[in-house]
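Working notes for the structure below.
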Amino acid sequence: MKKYLLIIVIATLSLFANAQELQIPLNDDYEMEVQAAAYSSDYLFHTSMKGWTEWQFRNVLNIDSVNNSYRISINKKSRFWNYVLNGILNDDFIRVKNDNYYVAINPYVDFQAGSDGHRTTWVNTRGAEIKGTIDKNFAFYMNIRENQAVFPQYIDTLCSITRVIPGQGNAKRYGKYGRDYTNASAYLSYRPTSWLNATLGYGKNFIGDGYRSMMLSDNAYAYPYLKFTADFWRIQYTCMYAQMSDKNTLMADKTYARKWAVIHYLDFAVTKRFNIGFFDALMASAQTHQQVMVNDSTYATIDMKRGFDFQYVNPIIFLRSAEYYSGNSADNALLGINMSYIIGKHTTIYGQFVLDEMTVKRYLARKGYTGNKQAYQLGVKSYDCFGVKNLFLQLEGNIVRPYMYSHTNQGTERSVGEDNYAHYNEPLAHPWGGNLWEMVFRAQYNWKRYYFQYKLNYGQYGDDWDVENDVWANYGHNVYNDYRYPADIDGYDNNDGHFLLTGRKTTVMMNDVTVSYLVNPAYNMNVFAEVTHRSFEAQGLKNQSDFIFSFGLRCSLDRKYYDF
């Protein structure tokens, strides 16, 4: 109920605002012209902090002209056909617009059917989005969706384990195989001056230039946040405060445990081609545990509300010093660097390095110490590749060390993850968690309103299972496990021996082909047909090979990560 109250507050405040700034959808499948303009050597653009705003393209690309390029030429006297072919198939469903304000209401649907070889699958999503701007400095957005679905078997299995739909919230049962869930997002965006933006939202963010992010992905469910972004000279500086939830931990008042996330990101455009970004994040549990004496020989652990530590309000990057100042803190801090370089016109080489913890002496010893937790990314992508208009290619590699993003738990449970880098039972970075490597290849070509997409995911991870003894063991894959209690590795001591892919070696390969036709570019409504082949192999388990087929009508405004 709290999230819906926040959305209502945002919608109410929008009625009294007097200023504009709409965001570009995080799903970029139907935004290739916008993406190509951002990743161009012609402009100085801060690409890595998403979602982008239309304001960022003021000197780069006219967003309205991109949408108007889809319009169908009709005799001006043919008002009926102009309304049918452009009003319904090109513009907002309901639109009120003049020089001072713009308000639009659009449907938000996902109707699809298919099969995974085991069951008939389908999705039935009904919803709407409301968006608008007032003057030039203020924008508001809200959507809400009611969903029922029968997912492919491998997705449904994960829903049963995590008790959430990947990236979409609670996984309540609906019938024998179905799921019933509701989700929503909203934001208010205000730019009081040319160099500062403030956004109050309930939604997702993304940091990076790749398909995955080692820093902050849009993989997990939506969360409330307050974000300030300053643009000056060649610098874009972002400070974000967010509240995350831990669905594994139920507090005494029957609410899920909360934790605070403070994220800073400084992006420096050295040239039009070269960008370098500095990242830090801090996760702080909103509750503590304290032992109290019950009698002379018995103690009990009780939950205590901690609240937000106001030392972390400091908007300056690299808060680790403030954390040390606050005493012996159990909070979790991450540091990282993101870089991108544009070759030629639209080809970008990009990479990330994120550090959770590292003991230099033990890192150099190369003995697989559990406290050496890092993540790496390297990729290349090209728009209008080989001079072919609207041809996009991308190749990306990701490596995440064991126990990366996990942390210690203040309570007695070893699989709660109070200060880990996760939200609502899902990782905030790579959706597979830790102890993995992965290659991603994407290819896309669009001609007019026709889109052809291919994606390959191939990778391995070390699952938390001792194959030899056939028992659970912590090998650093599930970010909710306490890294202080790792599995014992024969021949090693002092938490050593945890190299990449220790545990049950698991191999995942997914080939996905999608053909779609863009019905309405104003809200990315498209008809599509999709075929996916998923191969899953794990030590001690029966191999799985599934062909999944689906088709339907949907609005593609956010990305759903089913590639695991």
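As shown in the structure tokens, the chain order sets the letters A, B, ...; within each chain, residues go from 1, and ligands are also counted from 1 in the order they appear.
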
- Task: Pick out the residues sitting within 10 Å of Val531 (chain A), and hand them over as a VMD selection string; count only C-alpha atoms, and ignore anything fewer than 6 positions along from it in its own chain.
- Result: chain A and resid 114 to 116 454 511 to 515 547 to 551

Find the nearest atom pair between each residue of region 425-506 of chain A and region 237-245 of chain A for residues within 12 Å, count only C-alpha atoms, give distances in Å to one decimal, sort rows by chain and ascending number, and present the table as CSV.
```
residue,atom,partner,partner_atom,distance
A:Asn425,CA,A:Ser245,CA,8.3
A:Glu426,CA,A:Ser245,CA,10.1
A:Pro427,CA,A:Met244,CA,11.3
A:Leu428,CA,A:Met244,CA,10.0
```

Go ahead and save the residues from that selection, with C-alpha atoms, as a PDB file, in the first residue's frame.
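Once everything was written out, this is selection_34.pdb:
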```
ATOM      1  CA  ASN A 425      14.805 -10.842  -3.552  1.00  0.00           C
ATOM      2  CA  GLU A 426      16.666  -9.905  -6.748  1.00  0.00           C
ATOM      3  CA  PRO A 427      20.207  -8.628  -7.422  1.00  0.00           C
ATOM      4  CA  LEU A 428      20.539  -4.947  -8.244  1.00  0.00           C
TER       5      LEU A 428
END
```

- Item | Exercise: Asp470 (chain A) partners within 10 Å, only C-alpha atoms, chain neighbours under 5 positions left out, as a ChimeraX atom specification | /A:465,504,540

Would you put the residues from that selection into a file with C-alpha atoms, as a compact mmCIF listing (two decimals), in the first residue's frame?
```txt
# COMPACT_ATOMS: atom_id res chain seq x y z
CA TRP A 465 25.56 -26.79 -4.13
CA ARG A 504 27.97 -26.79 -9.04
CA GLY A 540 24.20 -33.76 -11.13
```

- Measuring atom to atom with only C-alpha atoms, identify which of A:Cys385, A:Val313, A:Met214, A:Leu364 is nearest to Met404 (chain A). A:Met214

- Message: Between A:Arg163, A:Arg449, A:His264, A:Arg191, which residue has the minimum interatomic distance to Asn90 (chain A), considering only C-alpha atoms?
- Response: A:Arg449
